[in-house]
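Structure file my_file-v3.csv; described as CSV, C-alpha atoms.
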chain,number,residue,atom,x,y,z
A,1,MET,CA,113.9,62.2,123.6
A,2,THR,CA,114.5,64.0,120.4
A,3,THR,CA,115.8,67.5,120.6
A,4,SER,CA,113.2,70.2,120.2
A,5,ARG,CA,113.3,72.4,117.1
A,6,VAL,CA,113.4,76.0,118.2
A,7,VAL,CA,112.9,79.1,116.1
A,8,VAL,CA,113.6,82.6,117.3
A,9,PHE,CA,111.6,85.3,115.5
A,10,VAL,CA,112.7,88.9,115.7
A,11,LEU,CA,109.9,91.4,115.1
A,12,ALA,CA,111.2,94.6,113.6
A,13,TYR,CA,109.7,97.8,112.3
A,14,ASN,CA,112.3,100.3,110.9
A,15,GLU,CA,115.2,98.8,112.9
A,16,ALA,CA,117.8,98.8,110.2
A,17,GLU,CA,120.4,100.3,112.7
A,18,ASN,CA,119.7,97.7,115.4
A,19,ILE,CA,118.9,94.6,113.5
A,20,PRO,CA,122.5,93.6,112.5
A,21,ASP,CA,123.7,93.5,116.1
A,22,VAL,CA,120.6,91.6,117.2
A,23,LEU,CA,121.1,89.0,114.5
A,24,ARG,CA,124.9,88.7,115.1
A,25,ALA,CA,124.2,87.9,118.8
A,26,LEU,CA,121.8,85.2,117.7
A,27,LYS,CA,124.4,83.5,115.4
A,28,ASP,CA,126.1,81.7,118.2
A,29,LEU,CA,123.0,80.0,119.3
A,30,PRO,CA,121.8,76.6,118.0
A,31,TYR,CA,118.4,78.0,117.0
A,32,ASP,CA,116.8,78.9,113.7
A,33,VAL,CA,116.2,82.6,113.3
A,34,VAL,CA,113.7,84.5,111.2
A,35,VAL,CA,113.1,88.2,111.0
A,36,ILE,CA,109.5,89.4,110.8
A,37,ASP,CA,109.7,92.7,108.9
A,38,ASN,CA,106.5,94.7,109.7
A,39,ALA,CA,106.7,96.6,106.4
A,40,SER,CA,109.7,98.7,107.4
A,41,ARG,CA,110.7,101.5,105.0
A,42,ASP,CA,114.4,101.8,106.1
A,43,GLY,CA,115.8,98.6,104.6
A,44,THR,CA,115.6,96.5,107.7
A,45,ALA,CA,114.8,93.4,105.6
A,46,ASP,CA,117.8,93.9,103.3
A,47,ARG,CA,120.1,94.3,106.3
A,48,ALA,CA,118.8,91.0,107.7
A,49,ARG,CA,119.1,89.2,104.3
A,50,ALA,CA,122.6,90.4,103.9
A,51,LEU,CA,123.5,88.5,107.1
A,52,GLY,CA,121.9,85.4,105.6
A,53,VAL,CA,118.8,85.4,107.9
A,54,PRO,CA,115.5,84.5,106.3
A,55,VAL,CA,112.9,87.4,106.4
A,56,LEU,CA,109.2,87.3,106.5
A,57,THR,CA,108.1,90.5,104.8
A,58,LEU,CA,104.6,91.8,105.5
A,59,PRO,CA,103.1,93.7,102.7
A,60,TYR,CA,101.8,96.4,105.0
A,61,ASN,CA,102.2,97.1,108.7
A,62,VAL,CA,99.9,95.0,110.8
A,63,ASP,CA,100.8,96.4,114.3
A,64,ILE,CA,102.7,94.5,116.9
A,65,GLY,CA,100.1,91.9,117.4
A,66,GLY,CA,99.7,91.1,113.7
A,67,GLY,CA,103.5,90.9,113.4
A,68,ARG,CA,103.9,88.5,116.3
A,69,GLN,CA,101.1,86.4,115.0
A,70,ALA,CA,102.9,86.2,111.7
A,71,GLY,CA,105.9,84.8,113.6
A,72,TYR,CA,103.7,82.2,115.2
A,73,LYS,CA,102.2,81.2,111.9
A,74,TYR,CA,105.7,80.8,110.5
A,75,ALA,CA,106.6,78.6,113.5
A,76,LEU,CA,103.6,76.4,113.0
A,77,ALA,CA,103.9,76.2,109.2
A,78,HIS,CA,107.5,75.0,109.6
A,79,GLY,CA,106.8,72.5,112.3
A,80,TYR,CA,108.8,74.1,115.2
A,81,ASP,CA,108.3,72.8,118.8
A,82,VAL,CA,109.3,76.0,120.4
A,83,ALA,CA,109.0,79.6,119.3
A,84,VAL,CA,110.9,82.5,120.9
A,85,GLN,CA,109.7,86.0,120.2
A,86,MET,CA,112.1,88.9,120.7
A,87,ASP,CA,112.2,92.6,119.7
A,88,GLY,CA,114.4,93.9,116.9
A,89,ASP,CA,115.5,97.0,118.9
A,90,GLY,CA,118.3,95.3,120.8
A,91,GLN,CA,116.6,95.4,124.3
A,92,HIS,CA,116.5,91.7,124.6
A,93,ASP,CA,119.7,89.9,125.2
A,94,ALA,CA,120.0,86.8,123.0
A,95,ARG,CA,122.2,85.1,125.7
A,96,SER,CA,119.1,84.7,127.8
A,97,ILE,CA,117.2,82.6,125.2
A,98,PRO,CA,118.5,79.2,126.4
A,99,GLU,CA,117.1,80.0,129.9
A,100,LEU,CA,113.7,80.9,128.3
A,101,VAL,CA,113.6,77.7,126.3
A,102,LYS,CA,114.7,75.4,129.2
A,103,PRO,CA,111.5,75.3,131.2
A,104,LEU,CA,109.5,74.5,128.0
A,105,VAL,CA,111.8,71.6,127.0
A,106,ASP,CA,111.7,70.3,130.6
A,107,GLY,CA,107.9,70.4,130.5
A,108,ARG,CA,107.7,72.8,133.4
A,109,ALA,CA,105.6,75.4,131.6
A,110,ASP,CA,103.9,76.1,128.3
A,111,LEU,CA,105.2,79.6,128.0
A,112,SER,CA,108.1,81.5,129.6
A,113,ILE,CA,108.4,85.2,130.1
A,114,GLY,CA,111.8,86.9,130.2
A,115,SER,CA,111.3,89.2,133.2
A,116,ARG,CA,113.6,92.1,134.0
A,117,PHE,CA,112.3,92.4,137.5
A,118,VAL,CA,113.0,88.9,138.9
A,119,LEU,CA,116.6,89.7,139.6
A,120,GLY,CA,116.3,93.5,139.3
A,121,GLU,CA,119.4,93.7,137.1
A,122,GLY,CA,120.0,95.5,133.8
A,123,ASP,CA,117.7,98.2,132.4
A,124,GLN,CA,114.7,98.6,134.8
A,125,ALA,CA,112.7,101.0,132.6
A,126,THR,CA,111.8,104.6,133.6
A,127,SER,CA,109.9,105.2,136.8
A,128,ALA,CA,106.7,106.2,135.0
A,129,ARG,CA,106.9,103.1,132.9
A,130,ARG,CA,107.6,101.0,136.0
A,131,ALA,CA,104.5,102.4,137.7
A,132,GLY,CA,102.4,101.4,134.7
A,133,ILE,CA,103.9,98.0,134.8
A,134,SER,CA,103.2,97.5,138.5
A,135,PHE,CA,99.6,98.4,137.9
A,136,LEU,CA,99.3,95.9,135.1
A,137,SER,CA,101.2,93.4,137.2
A,138,TRP,CA,98.7,93.9,140.0
A,139,LEU,CA,95.6,93.7,137.7
A,140,LEU,CA,96.9,90.5,136.0
A,141,GLY,CA,97.7,89.0,139.3
A,142,VAL,CA,94.1,89.5,140.4
A,143,LEU,CA,92.7,88.2,137.1
A,144,LEU,CA,95.0,85.2,136.8
A,145,GLY,CA,95.3,84.4,140.5
A,146,LYS,CA,99.0,84.3,140.1
A,147,PRO,CA,101.7,87.0,140.3
A,148,VAL,CA,103.3,88.3,137.1
A,149,LEU,CA,106.3,90.6,137.6
A,150,ASP,CA,106.9,91.7,134.1
A,151,PRO,CA,103.6,91.4,132.1
A,152,THR,CA,104.7,93.8,129.3
A,153,SER,CA,107.8,91.9,128.5
A,154,GLY,CA,107.9,91.0,124.8
A,155,PHE,CA,110.7,88.6,125.3
A,156,ARG,CA,109.0,85.2,125.5
A,157,ALA,CA,109.1,81.6,124.4
A,158,CYS,CA,106.3,79.1,124.1
A,159,ARG,CA,105.5,75.5,123.1
A,160,ARG,CA,103.6,74.2,120.2
A,161,SER,CA,100.3,74.1,122.0
A,162,VAL,CA,100.5,77.8,122.7
A,163,ILE,CA,101.8,78.5,119.2
A,164,GLU,CA,98.7,76.8,117.8
A,165,LEU,CA,96.5,78.9,120.1
A,166,TYR,CA,98.2,82.2,119.1
A,167,CYS,CA,97.8,81.3,115.4
A,168,ARG,CA,94.1,81.1,115.9
A,169,SER,CA,93.8,84.2,118.1
A,170,TYR,CA,96.2,86.9,119.1
A,171,PRO,CA,95.4,90.3,120.6
A,172,LEU,CA,96.1,93.4,118.5
A,173,ASP,CA,98.1,96.5,119.3
A,174,PHE,CA,99.8,96.0,122.7
A,175,PRO,CA,99.4,92.3,123.0
A,176,GLU,CA,101.7,91.2,125.9
A,177,PRO,CA,99.5,91.4,128.9
A,178,GLU,CA,96.4,90.2,127.0
A,179,SER,CA,98.1,87.3,125.4
A,180,LEU,CA,99.0,86.1,129.0
A,181,LEU,CA,95.4,86.3,130.0
A,182,LEU,CA,94.5,84.3,126.9
A,183,ILE,CA,96.8,81.4,127.6
A,184,SER,CA,95.9,81.1,131.3
A,185,ARG,CA,92.2,81.1,130.5
A,186,ARG,CA,92.9,78.1,128.2
A,187,GLY,CA,94.6,76.3,131.1
A,188,PHE,CA,98.2,76.8,129.9
A,189,SER,CA,100.9,77.5,132.4
A,190,PHE,CA,103.7,80.1,132.4
A,191,VAL,CA,106.9,80.9,134.3
A,192,GLU,CA,109.0,84.0,134.6
A,193,VAL,CA,112.6,83.7,133.9
A,194,PRO,CA,115.1,86.3,135.0
A,195,VAL,CA,116.7,88.1,132.0
A,196,ARG,CA,118.7,91.2,131.5
A,197,MET,CA,117.3,94.0,129.4
A,198,ARG,CA,119.2,96.9,127.8
A,199,PRO,CA,118.0,100.3,126.8
A,200,ARG,CA,117.4,100.2,123.0
A,201,LEU,CA,120.5,100.6,121.0
A,202,HIS,CA,119.6,103.2,118.4
A,203,GLY,CA,116.6,105.4,117.6
A,204,GLU,CA,113.4,106.2,119.4
A,205,SER,CA,110.8,103.9,120.9
A,206,THR,CA,107.4,104.3,119.4
A,207,VAL,CA,105.9,104.8,122.9
A,208,THR,CA,105.2,108.4,124.0
A,209,PRO,CA,103.7,109.6,127.3
A,210,LEU,CA,100.3,110.2,125.7
A,211,LYS,CA,100.3,106.9,124.0
A,212,SER,CA,101.3,105.2,127.3
A,213,PHE,CA,98.3,106.7,129.0
A,214,TYR,CA,96.0,105.6,126.2
A,215,TYR,CA,97.7,102.2,126.3
A,216,MET,CA,97.0,101.8,130.1
A,217,PHE,CA,93.4,102.7,129.6
A,218,LYS,CA,93.0,100.4,126.6
A,219,ILE,CA,94.8,97.5,128.1
A,220,THR,CA,92.9,97.7,131.3
A,221,LEU,CA,89.7,97.6,129.4
A,222,ALA,CA,91.0,94.8,127.2
A,223,LEU,CA,92.0,92.7,130.2
A,224,LEU,CA,88.6,93.2,132.0
A,225,LEU,CA,86.6,92.4,128.9
A,226,GLY,CA,89.0,89.6,128.1
A,227,SER,CA,88.3,88.0,131.4
A,228,LEU,CA,84.5,88.2,130.7
A,229,ARG,CA,84.9,86.5,127.3
A,230,LYS,CA,84.2,82.8,127.0
A,231,ALA,CA,87.4,80.8,127.3
B,1,MET,CA,47.5,117.7,122.6
B,2,HIS,CA,48.4,117.7,119.0
B,3,ASP,CA,45.7,117.4,116.4
B,4,PRO,CA,46.8,114.8,113.8
B,5,ALA,CA,45.1,116.9,111.2
B,6,ILE,CA,47.4,119.9,111.7
B,7,PHE,CA,50.6,117.9,112.5
B,8,LEU,CA,51.8,118.1,109.0
B,9,SER,CA,50.7,120.9,106.7
B,10,PRO,CA,49.8,119.6,103.2
B,11,ARG,CA,52.9,121.3,101.8
B,12,LEU,CA,55.2,119.7,104.4
B,13,GLN,CA,53.6,116.4,103.8
B,14,LEU,CA,54.2,116.7,100.1
B,15,SER,CA,57.9,117.7,100.7
B,16,ALA,CA,58.3,114.7,103.0
B,17,PHE,CA,56.8,112.5,100.4
B,18,LEU,CA,59.0,113.8,97.6
B,19,ILE,CA,62.1,113.6,99.8
B,20,SER,CA,61.4,110.0,100.7
B,21,VAL,CA,60.8,109.1,97.0
B,22,LEU,CA,64.1,110.8,96.0
B,23,TYR,CA,65.9,109.1,98.8
B,24,LEU,CA,64.7,105.7,97.9
B,25,ALA,CA,65.5,106.3,94.2
B,26,PHE,CA,69.0,107.3,95.1
B,27,LEU,CA,69.4,104.1,97.2
B,28,LEU,CA,68.1,102.0,94.4
B,29,HIS,CA,70.6,103.7,92.1
B,30,LEU,CA,73.5,102.8,94.5
B,31,ILE,CA,72.3,99.2,94.8
B,32,ARG,CA,71.9,98.8,91.1
B,33,ARG,CA,75.4,100.2,90.4
B,34,GLU,CA,76.7,97.8,93.1
B,35,ILE,CA,78.2,100.7,95.1
B,36,LEU,CA,76.3,99.6,98.1
B,37,GLN,CA,76.1,95.9,99.0
B,38,LEU,CA,72.6,94.7,99.6
B,39,LYS,CA,73.7,93.5,103.1
B,40,TYR,CA,74.4,97.1,104.1
B,41,SER,CA,71.5,98.7,102.2
B,42,MET,CA,68.7,96.9,104.1
B,43,PHE,CA,68.8,99.4,106.9
B,44,TRP,CA,68.7,102.4,104.6
B,45,VAL,CA,65.9,101.0,102.4
B,46,GLY,CA,64.0,100.2,105.6
B,47,SER,CA,64.4,103.7,106.9
B,48,GLY,CA,63.4,105.1,103.5
B,49,LEU,CA,60.2,103.0,103.4
B,50,ALA,CA,59.4,104.1,107.0
B,51,PHE,CA,59.9,107.7,106.1
B,52,LEU,CA,57.7,107.2,103.0
B,53,ALA,CA,55.0,105.7,105.3
B,54,PHE,CA,55.1,108.6,107.7
B,55,SER,CA,54.8,111.1,104.9
B,56,LEU,CA,51.8,109.2,103.5
B,57,TYR,CA,50.1,108.7,106.8
B,58,PRO,CA,51.5,111.0,109.6
B,59,PRO,CA,49.3,109.7,112.4
B,60,ILE,CA,51.6,106.6,112.5
B,61,VAL,CA,54.0,108.9,114.4
B,62,PHE,CA,51.3,109.5,117.1
B,63,GLY,CA,50.8,105.8,117.5
B,64,LEU,CA,54.5,105.4,118.0
B,65,GLY,CA,54.7,108.2,120.5
B,66,ARG,CA,51.9,106.6,122.5
B,67,LEU,CA,53.6,103.2,122.3
B,68,ILE,CA,56.9,104.5,123.7
B,69,GLY,CA,55.2,106.9,126.1
B,70,VAL,CA,56.6,110.1,124.6
B,71,LYS,CA,54.4,113.2,124.8
B,72,TRP,CA,55.5,114.9,121.7
B,73,PRO,CA,55.3,112.7,118.6
B,74,GLU,CA,58.2,114.5,117.0
B,75,ASN,CA,60.4,113.4,119.8
B,76,ALA,CA,59.3,109.8,119.3
B,77,LEU,CA,60.5,110.2,115.7
B,78,PHE,CA,63.8,111.6,116.8
B,79,LEU,CA,64.3,109.0,119.5
B,80,LEU,CA,63.7,106.2,117.0
B,81,ALA,CA,65.9,107.8,114.4
B,82,ILE,CA,68.8,108.3,116.8
B,83,PHE,CA,68.5,104.8,118.2
B,84,SER,CA,68.4,103.3,114.7
B,85,ILE,CA,71.5,105.2,113.7
B,86,LEU,CA,73.3,104.0,116.8
B,87,VAL,CA,72.5,100.4,116.0
B,88,LEU,CA,73.7,101.0,112.4
B,89,LEU,CA,76.9,102.4,113.6
B,90,ILE,CA,77.6,99.5,115.8
B,91,GLN,CA,76.9,97.2,112.9
B,92,LEU,CA,79.4,99.2,110.8
B,93,SER,CA,82.0,99.0,113.6
B,94,ALA,CA,81.5,95.2,113.6
B,95,ALA,CA,81.9,95.1,109.9
B,96,VAL,CA,85.1,97.2,110.0
B,97,SER,CA,86.5,94.9,112.8
B,98,SER,CA,86.0,91.8,110.8
B,99,SER,CA,87.5,93.4,107.7
B,100,LEU,CA,90.6,94.4,109.7
B,101,GLU,CA,90.9,90.9,111.0
B,102,ARG,CA,90.8,89.6,107.4
B,103,GLU,CA,93.2,92.2,106.2
B,104,ARG,CA,95.6,91.1,109.0
B,105,SER,CA,95.5,87.4,108.1
B,106,LEU,CA,95.8,88.2,104.4
B,107,ALA,CA,99.0,90.2,105.1
B,108,GLN,CA,100.4,87.3,107.1
B,109,GLU,CA,99.5,84.8,104.5
B,110,ILE,CA,101.2,86.9,101.8
B,111,ALA,CA,104.3,87.1,104.0
B,112,LEU,CA,104.4,83.4,104.4
B,113,LEU,CA,103.9,82.7,100.7
B,114,ARG,CA,106.6,85.2,99.8
B,115,ARG,CA,109.0,83.3,102.0
B,116,GLU,CA,107.9,80.0,100.4
B,117,LEU,CA,108.5,81.5,97.0
B,118,GLU,CA,112.0,82.6,98.0
B,119,ILE,CA,112.8,79.1,99.1
B,120,LEU,CA,111.6,77.7,95.8
B,121,LYS,CA,113.6,80.2,93.8
B,122,ASP,CA,116.7,79.4,95.8
B,123,LYS,CA,116.5,75.7,94.9
B,124,PRO,CA,115.9,75.5,91.2
B,125,GLY,CA,114.9,72.0,90.1
B,126,ALA,CA,114.1,70.8,93.6
B,127,SER,CA,110.4,70.1,94.2
B,128,LYS,CA,110.5,71.7,97.6
This entry written out as structure tokens:
Amino acid sequence: MTTSRVVVFVLAYNEAENIPDVLRALKDLPYDVVVIDNASRDGTADRARALGVPVLTLPYNVDIGGGRQAGYKYALAHGYDVAVQMDGDGQHDARSIPELVKPLVDGRADLSIGSRFVLGEGDQATSARRAGISFLSWLLGVLLGKPVLDPTSGFRACRRSVIELYCRSYPLDFPEPESLLLISRRGFSFVEVPVRMRPRLHGESTVTPLKSFYYMFKITLALLLGSLRKA
Amino acid sequence: MHDPAIFLSPRLQLSAFLISVLYLAFLLHLIRREILQLKYSMFWVGSGLAFLAFSLYPPIVFGLGRLIGVKWPENALFLLAIFSILVLLIQLSAAVSSSLERERSLAQEIALLRRELEILKDKPGASK
């Protein structure tokens, strides 16, 4: 069997302080890397280019969903077999990527989720955030008929078939839980792989308490409506 | 019950007629200047024509009221107006949604093409 071509795309929005460390950690891995710059204004793209990493620069911010989808479109256009999505804020540990890729190459699943709750090690998020995650985890478990411990994890890898699906259709603002619903309704399988997560290195997360509440409401609605939609 | 004859005073009827005509003229102007696409002006032209018809022959409103089962014909008018506006707003939301969807894929396409261009510039002479 020929080796799978793997691309890791790092989605970044104003992460100039974090992106060099994230990219340096990826240097030791045998994967192609691309930065998806979601129209940052702090020179994120230049920092990445300075390290010799190709950058996909979006002309204006297209939210998390639009940025991720750009990554999948890049993966499809360049003929990759596996695409790994990770955040540019340093929360995701590059050393976990081989474990994310393995189940896909072995044919055990179409998508793998890097889950911080399988082992319970590393950063476990704040209690409020954990409560939100457990609710989503329960809701998705009911809708998918299969437990998901970390449905909001943005550290994932998927195979070509899922890449193609995501190029056609990818949810908008907070896409993680919804994109899981999407693949399982199309009959694709997923596994959760234990990973370690760290608190973000520099700067503030874009998520505030009010936004979190709005997010919970919106994502619940999105999931319920999504499960009504025709597959 | 209302007497159709006194439902609109002649003066009010004249005002309503003039307003409808002005409204339609304004719409026509917008359409001719291509400020408003025909697709989105249908509703407005339709509402203008309906308003014109009411002003020319007010008893239409009574017929509508009876049809819906509303006692006061004015309320039938309001009900219809509000409902039409709701439908229009939903149509506009749908239009905005599809515009945003296009805007998103356009941005992604530009990003991919920029990258292609970068690759081409890095390799002068090479065809790819």
>> My list of candidates is B:Val61, B:Leu24, B:Val96, B:Leu49. Which is closest to Leu79 in chain B when distances are computed with only C-alpha atoms?
In response: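 Nearest to Leu79 in chain B: B:Val61.
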> Within 9 Å of (120.3, 95.2, 117.3), all atoms listed in the file: residues as number ranges by chain?
Replying inline: A: 15-25, 87-92, 200-202
> Suppose you want the space between CA of Met86 in chain A and CA of Cys158 in chain A; what is it in Å?
Replying inline: 11.9 Å
>> I want to know what sits within 6 Å of Ile36 in chain A, based on only C-alpha atoms, with residues of the same chain fewer than 2 positions away left out; could you give that as an MDAnalysis selection string?
In response: chainID A and resid 10:11 55:56
Please produce an output containing C-alpha atoms for each residue in the selection, written as a PDB file, in the frame of the given file.
ATOM      1  CA  VAL A  10     112.700  88.900 115.700  1.00  0.00           C
ATOM      2  CA  LEU A  11     109.900  91.400 115.100  1.00  0.00           C
ATOM      3  CA  VAL A  55     112.900  87.400 106.400  1.00  0.00           C
ATOM      4  CA  LEU A  56     109.200  87.300 106.500  1.00  0.00           C
TER       5      LEU A  56
END
>> For a quick test of understanding: name the residues of chain B lying within 9 Å of chain A when counting all atoms listed in the file, and present them as an MDAnalysis selection string.
In response: chainID B and resid 103:105 107:112 114:115
Write a file of the selected residues as an mmCIF file, keeping the file's coordinate frame, keeping C-alpha atoms.
data_model
loop_
_atom_site.group_PDB
_atom_site.id
_atom_site.type_symbol
_atom_site.label_atom_id
_atom_site.label_comp_id
_atom_site.auth_asym_id
_atom_site.auth_seq_id
_atom_site.Cartn_x
_atom_site.Cartn_y
_atom_site.Cartn_z
ATOM 1 C CA GLU B 103 93.200 92.200 106.200
ATOM 2 C CA ARG B 104 95.600 91.100 109.000
ATOM 3 C CA SER B 105 95.500 87.400 108.100
ATOM 4 C CA ALA B 107 99.000 90.200 105.100
ATOM 5 C CA GLN B 108 100.400 87.300 107.100
ATOM 6 C CA GLU B 109 99.500 84.800 104.500
ATOM 7 C CA ILE B 110 101.200 86.900 101.800
ATOM 8 C CA ALA B 111 104.300 87.100 104.000
ATOM 9 C CA LEU B 112 104.400 83.400 104.400
ATOM 10 C CA ARG B 114 106.600 85.200 99.800
ATOM 11 C CA ARG B 115 109.000 83.300 102.000
#
>> Give me, as a list in words, all polymer residues having an atom no more than 12 Å from Arg129 in chain A, counting all atoms listed in the file and skipping those fewer than 5 positions away in the same chain.
In response: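 Contacts, in chain order: Asp123, Gln124, Ser134, Phe135, Leu136, Asp150, Thr152, Val207, Thr208, Pro209, Lys211, Ser212, Phe213, Tyr215 and Met216 of chain A.
The space between CA of Leu181 in chain A and CA of Leu221 in chain A spans 12.7 Å.
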>> List the spatial neighbours of Tyr31 in chain A as a PyMOL selection string - criterion: any atom at most 10 Å away, only C-alpha atoms, same-chain residues fewer than 5 positions off excluded.
In response: chain A and resi 4-8+26+82-84+97-98
Which residues are near Lys102 in chain A? Cut-off 12 Å, only C-alpha atoms, ignore same chain within fewer than 2 positions. Put them as a CSV table (one decimal) with C-alpha atoms, in the coordinates of the input.
chain,number,residue,atom,x,y,z
A,3,THR,CA,115.8,67.5,120.6
A,4,SER,CA,113.2,70.2,120.2
A,6,VAL,CA,113.4,76.0,118.2
A,82,VAL,CA,109.3,76.0,120.4
A,84,VAL,CA,110.9,82.5,120.9
A,96,SER,CA,119.1,84.7,127.8
A,97,ILE,CA,117.2,82.6,125.2
A,98,PRO,CA,118.5,79.2,126.4
A,99,GLU,CA,117.1,80.0,129.9
A,100,LEU,CA,113.7,80.9,128.3
A,104,LEU,CA,109.5,74.5,128.0
A,105,VAL,CA,111.8,71.6,127.0
A,106,ASP,CA,111.7,70.3,130.6
A,107,GLY,CA,107.9,70.4,130.5
A,108,ARG,CA,107.7,72.8,133.4
A,109,ALA,CA,105.6,75.4,131.6
A,110,ASP,CA,103.9,76.1,128.3
A,111,LEU,CA,105.2,79.6,128.0
A,112,SER,CA,108.1,81.5,129.6
A,113,ILE,CA,108.4,85.2,130.1
A,114,GLY,CA,111.8,86.9,130.2
A,156,ARG,CA,109.0,85.2,125.5
A,157,ALA,CA,109.1,81.6,124.4
A,158,CYS,CA,106.3,79.1,124.1
A,159,ARG,CA,105.5,75.5,123.1
A,191,VAL,CA,106.9,80.9,134.3
A,192,GLU,CA,109.0,84.0,134.6
A,193,VAL,CA,112.6,83.7,133.9
> Could you state the separation of CA of Gly154 in chain A and CA of Glu118 in chain B in Å, given to one decimal place?
Replying inline: 28.4 Å
> Do you know which residues are at most 12 Å from Gly52 in chain A counting all atoms listed in the file, after dropping those on the same chain fewer than 4 positions away, and could you put them as a PyMOL selection string?
Replying inline: chain A and resi 20+23-24+27+32-35+45-48
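Here the question is which of A:Phe155, A:Phe188, A:Tyr214, A:Tyr166 gets nearest to Leu76 in chain A using all atoms listed in the file, and that residue is A:Tyr166.
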>> Just checking: using only C-alpha atoms, which residue out of A:Ser227, A:Ser179, A:Ser40, A:Gln85 ends up closest to Val101 in chain A?
In response: A:Gln85
> B:Phe51, B:Tyr57, B:Phe78, B:Phe43: which is nearest Leu8 in chain B, counting only C-alpha atoms?
Replying inline: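 For Leu8 in chain B, the nearest of the given residues is B:Tyr57.
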